[in-house]
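Trainee: Handing you this structure, nothing more for now.
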Amino acid sequence: MKKIILTGDRPSGALHLGHYVGSLKNRVQMQNEFQTYIIIANLQAMTDYFDRPEQIRENINSLVKDYIACGIDPNVSTIFVQSKVKALPIMTMYFMNLVSLARVRRNPTVKEELERKEFKNNVNCGFVCYPISQAADILAFDADIVPVGKDQKPMIEQTNEIVDSFNFLYKDDVFKKCKAVFGQTAKLMGIDGKAKASKSLGNAISLSDTEEILKQKVFSMYTDPMHLKVQDPGRVEGNMVFHYLDAFYDEVKTRELREHYEKGGLGDMVLKKLLFDVLQEFLEPIRQKRKNVTQDDIDGILFQGNKRANEKADSVLERMERSMKFD
Ligand code: ATP
Ligand code: MG
């Protein structure tokens with residue numbers, strides 16, 4: 001039997017280059033070898049976008065377009081919407097009893113997001129508990145492998161702790177542990193160099209950005225603020241142009257450029273122009289494929305995907321409830 005992959009995104013905005021190198025590229029490469037479920041996590045997005053459901057709805061369509069444009073084959077991979085799989089919130093409710101509040105608050109990614117989103121003391125229960133709902137997303141599909149970016153490592157650890165607690169309490173072999181698989185660039189930084197590229201922070205290059213927007217973003221990238229004259233030596237650490245070249249350009253050529261920049265004599269504008277060309281070449285075919293995806297295509301893909309996802313998640317919930325004598 002094929003091993004199972006569960007992976008996905010929050011429909012909180014357009015997919016960006018971080019998604020591509022962090023997880024999407026792996027998904028495309030692995031989809032034929034593994035049985036792949038891709039969750040569009042709208043319930044999770046609602047934990048911080050609860051006042052904007054229309055926007056989330058629109059983003060769901062946009063995510064499907066991005067997936068298809070990047071090479072996800074909906075006949076091979078199951079793309080589905082989280083809120084359409086009713087077993088998920090039920091499983092989440094069971095799992096919530098197995099995790100302490102202190103444990104969720106210790107989660108470093110949640111901590112960072114709490115600070116960044118400025119919830120202050122007013123954070124809603126849904127938000128702090130989203131790692132538990134994410135554990136349900138993973139466990140409802142018996143996932144062996146979860147391709148994610150580095151920020152999701154604590155979520156996988158949390159999921160495996162829930163597996164241990166559940167199996168210990170109710171029955172030994174109901175759930176199995178899963179493994180995170182990180183992309184080659186497991187954390188692509190934003191163009192400002194301050195935090196990881198993120199839909200919510202507006203610091204990312206989207207897969208659907210036009211050529212013009214791409215140009216503006218690349219030319220406003222954070223480099224070395226002390227590198228004022230071309231002949232001066234420049235710093236490559238924290239320099240976003242090199243960070244993106246590392247992720248998208250030839251390794252040997254990037255190394256040569258890095259040495260040249262550190263020595264002096266290589267200007268930021270030349271590098272930015274090169275990076276723009278590299279990214280333009282990468283994004284143009286994605287933009288073209290994206291254009292051809294119709295609303296009918298999207299509706300059909302999600303209808304089929306939701307159906308397949310429900311069949312699997314219902315059977316896992318049944319197994320789970322049997323072990324708790326709730327069948
Ligand atoms: P939001 O800001 O709304 O949380 P996001 O940009 O963090 O959006 P998610 O939908 O939360 O995107 O993440 C989807 C997947 O993409 C996860 O596996 C996550 O780890 C990965 N990912 C997100 N941003 C990056 C990044 N900058 N580099 C590598 N992987 C990333
Ligand atoms: Mg995120």
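How things are named: the first chain in the structure tokens is A, the next is B, and so on; residues count from 1 in each chain; ligands count from 1 in the order shown.
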What parts of range 14-73 of chain A does DSSP call helix (DSSP H, G or I)? I'd like the answer as a PyMOL selection string.
Mentor: chain A and resi 17-30+42-49+53-70
Trainee: Hey, which residues come within 12 Å of ligand 2 if we count only C-alpha atoms and all ligand atoms? Could you give them as a ChimeraX atom specification?
Mentor: /A:8-13,15-16,18-19,22,41,44-45,47-48,109-110,112-114,116-117,127,130-131,134,148-153,155,187,195-201
Trainee: Got a sec to tell me which of range 70-229 of chain A DSSP assigns to strand (DSSP E or B), as a list of chain:residue names?
Mentor: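 After running DSSP on the backbone, range 70-229 of chain A has strand (DSSP E or B) at A:Thr78, A:Ile79, A:Phe80, A:Val81, A:Ile145, A:Val146, A:Pro147, A:Val148, A:Lys179, A:Ala180, A:Val181, A:Phe182, A:Met189, A:Lys196, A:Ser206.
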Trainee: Take the residues that were just selected and, keeping C-alpha atoms, output them as a PDB file, in the first residue's frame.
Mentor:
ATOM      1  CA  THR A  78      -7.014  14.770  -3.232  1.00  0.00           C
ATOM      2  CA  ILE A  79      -7.587  18.513  -2.731  1.00  0.00           C
ATOM      3  CA  PHE A  80     -10.314  19.254  -0.182  1.00  0.00           C
ATOM      4  CA  VAL A  81     -11.778  21.976   2.026  1.00  0.00           C
ATOM      5  CA  ILE A 145       4.458  12.039   5.957  1.00  0.00           C
ATOM      6  CA  VAL A 146       3.715  15.746   6.260  1.00  0.00           C
ATOM      7  CA  PRO A 147       5.615  18.041   3.855  1.00  0.00           C
ATOM      8  CA  VAL A 148       5.806  21.396   5.641  1.00  0.00           C
ATOM      9  CA  LYS A 179       7.077  12.489  10.022  1.00  0.00           C
ATOM     10  CA  ALA A 180       7.652  16.061   8.834  1.00  0.00           C
ATOM     11  CA  VAL A 181       9.475  16.472   5.525  1.00  0.00           C
ATOM     12  CA  PHE A 182      11.014  19.882   4.960  1.00  0.00           C
ATOM     13  CA  MET A 189      12.395  34.882   4.472  1.00  0.00           C
ATOM     14  CA  LYS A 196       9.590  34.409   7.217  1.00  0.00           C
ATOM     15  CA  SER A 206       3.109  35.622  -4.610  1.00  0.00           C
TER      16      SER A 206
END
Trainee: Would you mind listing what lies within 8 Å of range 210-220 of chain A as number ranges by chain, with only C-alpha atoms counted and same-chain residues fewer than 3 positions away left out?
Mentor: A: 191, 205, 241, 269, 272-273, 275-276, 280
Trainee: Taking only C-alpha atoms into account, name the residue in A:Asn239, A:Gln231, A:Thr159, A:Ser23 that is nearest to Asp192 in chain A.
Mentor: A:Asn239
Trainee: Tell me which protein, DNA and RNA residues are within 12 Å of Gln288 in chain A, counting only C-alpha atoms, leaving out same-chain ones fewer than 5 positions away, and put them as a ChimeraX atom specification.
Mentor: /A:65-66,68-70,207-210,281-283,293
Trainee: Got time to write the residues from that selection, all heavy atoms, as a JSON list (two decimals), in the first residue's frame?
Mentor:
[["chain", "number", "residue", "atom", "x", "y", "z"],
["A", 65, "LYS", "N", -6.23, 27.25, -7.91],
["A", 65, "LYS", "CA", -5.54, 27.67, -9.14],
["A", 65, "LYS", "C", -4.02, 27.54, -8.99],
["A", 65, "LYS", "O", -3.34, 27.05, -9.88],
["A", 65, "LYS", "CB", -5.87, 29.14, -9.44],
["A", 65, "LYS", "CG", -7.24, 29.33, -10.02],
["A", 65, "LYS", "CD", -7.37, 30.77, -10.48],
["A", 65, "LYS", "CE", -8.80, 31.08, -10.86],
["A", 65, "LYS", "NZ", -9.03, 32.46, -11.17],
["A", 66, "ASP", "N", -3.50, 28.00, -7.86],
["A", 66, "ASP", "CA", -2.05, 27.90, -7.63],
["A", 66, "ASP", "C", -1.58, 26.45, -7.66],
["A", 66, "ASP", "O", -0.54, 26.14, -8.23],
["A", 66, "ASP", "CB", -1.67, 28.55, -6.29],
["A", 66, "ASP", "CG", -1.70, 30.06, -6.34],
["A", 66, "ASP", "OD1", -1.54, 30.63, -7.43],
["A", 66, "ASP", "OD2", -1.88, 30.69, -5.28],
["A", 68, "ILE", "N", -2.87, 23.84, -9.17],
["A", 68, "ILE", "CA", -2.89, 23.27, -10.52],
["A", 68, "ILE", "C", -1.76, 23.88, -11.35],
["A", 68, "ILE", "O", -1.05, 23.18, -12.07],
["A", 68, "ILE", "CB", -4.26, 23.51, -11.22],
["A", 68, "ILE", "CG1", -5.41, 22.99, -10.33],
["A", 68, "ILE", "CG2", -4.31, 22.88, -12.61],
["A", 68, "ILE", "CD1", -5.32, 21.54, -9.92],
["A", 69, "ALA", "N", -1.58, 25.20, -11.21],
["A", 69, "ALA", "CA", -0.54, 25.89, -11.98],
["A", 69, "ALA", "C", 0.86, 25.37, -11.64],
["A", 69, "ALA", "O", 1.75, 25.38, -12.47],
["A", 69, "ALA", "CB", -0.63, 27.39, -11.74],
["A", 70, "CYS", "N", 1.03, 24.92, -10.39],
["A", 70, "CYS", "CA", 2.37, 24.43, -9.98],
["A", 70, "CYS", "C", 2.58, 22.96, -10.28],
["A", 70, "CYS", "O", 3.66, 22.43, -10.05],
["A", 70, "CYS", "CB", 2.58, 24.66, -8.49],
["A", 70, "CYS", "SG", 2.86, 26.36, -8.10],
["A", 207, "LEU", "N", 2.87, 33.70, -6.04],
["A", 207, "LEU", "CA", 2.98, 32.96, -7.30],
["A", 207, "LEU", "C", 2.16, 33.65, -8.39],
["A", 207, "LEU", "O", 2.42, 33.49, -9.57],
["A", 207, "LEU", "CB", 2.49, 31.52, -7.12],
["A", 207, "LEU", "CG", 3.29, 30.68, -6.11],
["A", 207, "LEU", "CD1", 2.65, 29.31, -5.93],
["A", 207, "LEU", "CD2", 4.73, 30.52, -6.57],
["A", 208, "SER", "N", 1.15, 34.42, -7.99],
["A", 208, "SER", "CA", 0.28, 35.09, -8.96],
["A", 208, "SER", "C", 0.65, 36.56, -9.19],
["A", 208, "SER", "O", -0.06, 37.27, -9.88],
["A", 208, "SER", "CB", -1.17, 34.97, -8.49],
["A", 208, "SER", "OG", -1.27, 35.39, -7.15],
["A", 209, "ASP", "N", 1.75, 37.03, -8.59],
["A", 209, "ASP", "CA", 2.16, 38.42, -8.82],
["A", 209, "ASP", "C", 2.45, 38.68, -10.31],
["A", 209, "ASP", "O", 3.04, 37.84, -10.98],
["A", 209, "ASP", "CB", 3.43, 38.76, -8.02],
["A", 209, "ASP", "CG", 3.11, 39.11, -6.58],
["A", 209, "ASP", "OD1", 1.93, 39.33, -6.26],
["A", 209, "ASP", "OD2", 4.06, 39.15, -5.77],
["A", 210, "THR", "N", 2.05, 39.86, -10.77],
["A", 210, "THR", "CA", 2.35, 40.21, -12.17],
["A", 210, "THR", "C", 3.84, 40.55, -12.30],
["A", 210, "THR", "O", 4.52, 40.75, -11.29],
["A", 210, "THR", "CB", 1.56, 41.46, -12.59],
["A", 210, "THR", "OG1", 1.97, 42.53, -11.73],
["A", 210, "THR", "CG2", 0.07, 41.26, -12.51],
["A", 281, "GLU", "N", 11.37, 34.14, -15.00],
["A", 281, "GLU", "CA", 11.38, 32.91, -15.80],
["A", 281, "GLU", "C", 10.68, 31.77, -15.08],
["A", 281, "GLU", "O", 9.99, 30.95, -15.68],
["A", 281, "GLU", "CB", 12.83, 32.53, -16.09],
["A", 281, "GLU", "CG", 12.95, 31.49, -17.18],
["A", 281, "GLU", "CD", 14.41, 31.10, -17.44],
["A", 281, "GLU", "OE1", 15.28, 32.01, -17.43],
["A", 281, "GLU", "OE2", 14.66, 29.91, -17.62],
["A", 282, "PHE", "N", 10.83, 31.76, -13.76],
["A", 282, "PHE", "CA", 10.18, 30.72, -12.96],
["A", 282, "PHE", "C", 8.66, 30.94, -12.90],
["A", 282, "PHE", "O", 7.87, 30.00, -13.00],
["A", 282, "PHE", "CB", 10.79, 30.74, -11.54],
["A", 282, "PHE", "CG", 10.06, 29.87, -10.57],
["A", 282, "PHE", "CD1", 10.14, 28.49, -10.64],
["A", 282, "PHE", "CD2", 9.26, 30.44, -9.56],
["A", 282, "PHE", "CE1", 9.44, 27.68, -9.75],
["A", 282, "PHE", "CE2", 8.56, 29.65, -8.67],
["A", 282, "PHE", "CZ", 8.65, 28.26, -8.77],
["A", 283, "LEU", "N", 8.25, 32.20, -12.74],
["A", 283, "LEU", "CA", 6.82, 32.47, -12.49],
["A", 283, "LEU", "C", 5.97, 32.54, -13.76],
["A", 283, "LEU", "O", 4.76, 32.25, -13.70],
["A", 283, "LEU", "CB", 6.66, 33.79, -11.71],
["A", 283, "LEU", "CG", 7.08, 33.73, -10.24],
["A", 283, "LEU", "CD1", 6.98, 35.10, -9.60],
["A", 283, "LEU", "CD2", 6.22, 32.73, -9.46],
["A", 293, "VAL", "N", -7.26, 27.87, -15.60],
["A", 293, "VAL", "CA", -8.11, 27.13, -14.65],
["A", 293, "VAL", "C", -9.43, 27.89, -14.48],
["A", 293, "VAL", "O", -9.44, 29.06, -14.09],
["A", 293, "VAL", "CB", -7.40, 26.98, -13.28],
["A", 293, "VAL", "CG1", -8.23, 26.10, -12.35],
["A", 293, "VAL", "CG2", -6.00, 26.42, -13.45]]
Trainee: Identify which of the residues A:Phe242, A:Ser315, A:Ile40, A:Asp250 lies closest to Asn59 in chain A, counting only C-alpha atoms when measuring atom-to-atom distances.
Mentor: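 Between A:Phe242, A:Ser315, A:Ile40, A:Asp250, the residue approaching Asn59 in chain A most closely is A:Ile40.
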Trainee: Would you please work out which residue, of A:Glu54, A:Asn203, A:Val270, A:Lys2, is nearest to ligand 1 when using only C-alpha atoms and all ligand atoms?
Mentor: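 Of A:Glu54, A:Asn203, A:Val270, A:Lys2, the one nearest ligand 1, counting only C-alpha atoms and all ligand atoms, is A:Asn203.
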Trainee: Determine the nearest neighbour of ligand 1 from the options A:Asn310, A:Thr36, A:Asn42, A:Ser165, counting only C-alpha atoms and all ligand atoms.
Mentor: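 Of the candidates, the smallest distance to ligand 1 is held by A:Asn42.
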Trainee: Do you have the CA of Gly305 in chain A-CA of Pro74 in chain A distance handy?
Mentor: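 If I compute the distance from CA of Gly305 in chain A to CA of Pro74 in chain A, I get 7.9 Å.
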Trainee: Could you check which of A:Gln184, A:Val76, A:Ile138, A:Glu318 is closest to ligand 1, using only C-alpha atoms and all ligand atoms?
Mentor: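 Nearest candidate to ligand 1 out of A:Gln184, A:Val76, A:Ile138, A:Glu318: A:Gln184.
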Trainee: Between CA of Cys178 in chain A and CA of Asp144 in chain A, measure the distance and give it in Å to one decimal.
Mentor: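 These two atoms are separated by 4.6 Å.
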Trainee: Gln31 in chain A: which residues within 9 Å, counting only C-alpha atoms, same-chain residues fewer than 4 positions away excluded, as a ChimeraX atom specification?
Mentor: /A:5,26-27,35-36,72-73,76-77
Trainee: Nearest to Asn61 in chain A: which of A:Thr7, A:Ser323, A:Thr294, A:Asn160 is it, counting only C-alpha atoms?
Mentor: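 Smallest separation from Asn61 in chain A among the options: A:Thr294.
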Trainee: Determine, counting only C-alpha atoms, which protein, DNA and RNA residues have an atom within 10 Å of an atom of Lys263 in chain A; residues of the same chain fewer than 6 positions away are not included. Present the result as a list in words.
Mentor: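 Skipping anything fewer than 6 positions along the chain leaves Gln231, Asp232, Pro233, Gly234, Arg235 and Leu257 of chain A.
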Trainee: I want to know what sits within 9 Å of range 88-104 of chain A, based on only C-alpha atoms, with residues of the same chain fewer than 6 positions away left out; could you give that as number ranges by chain?
Mentor: A: 82, 110, 128-137, 139-140, 158, 161-162, 165-166, 313-314, 317, 320
Trainee: CA of Asn107 in chain A and CA of Gly190 in chain A, how far apart in Å?
Mentor: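 Interatomic distance here is 22.1 Å.
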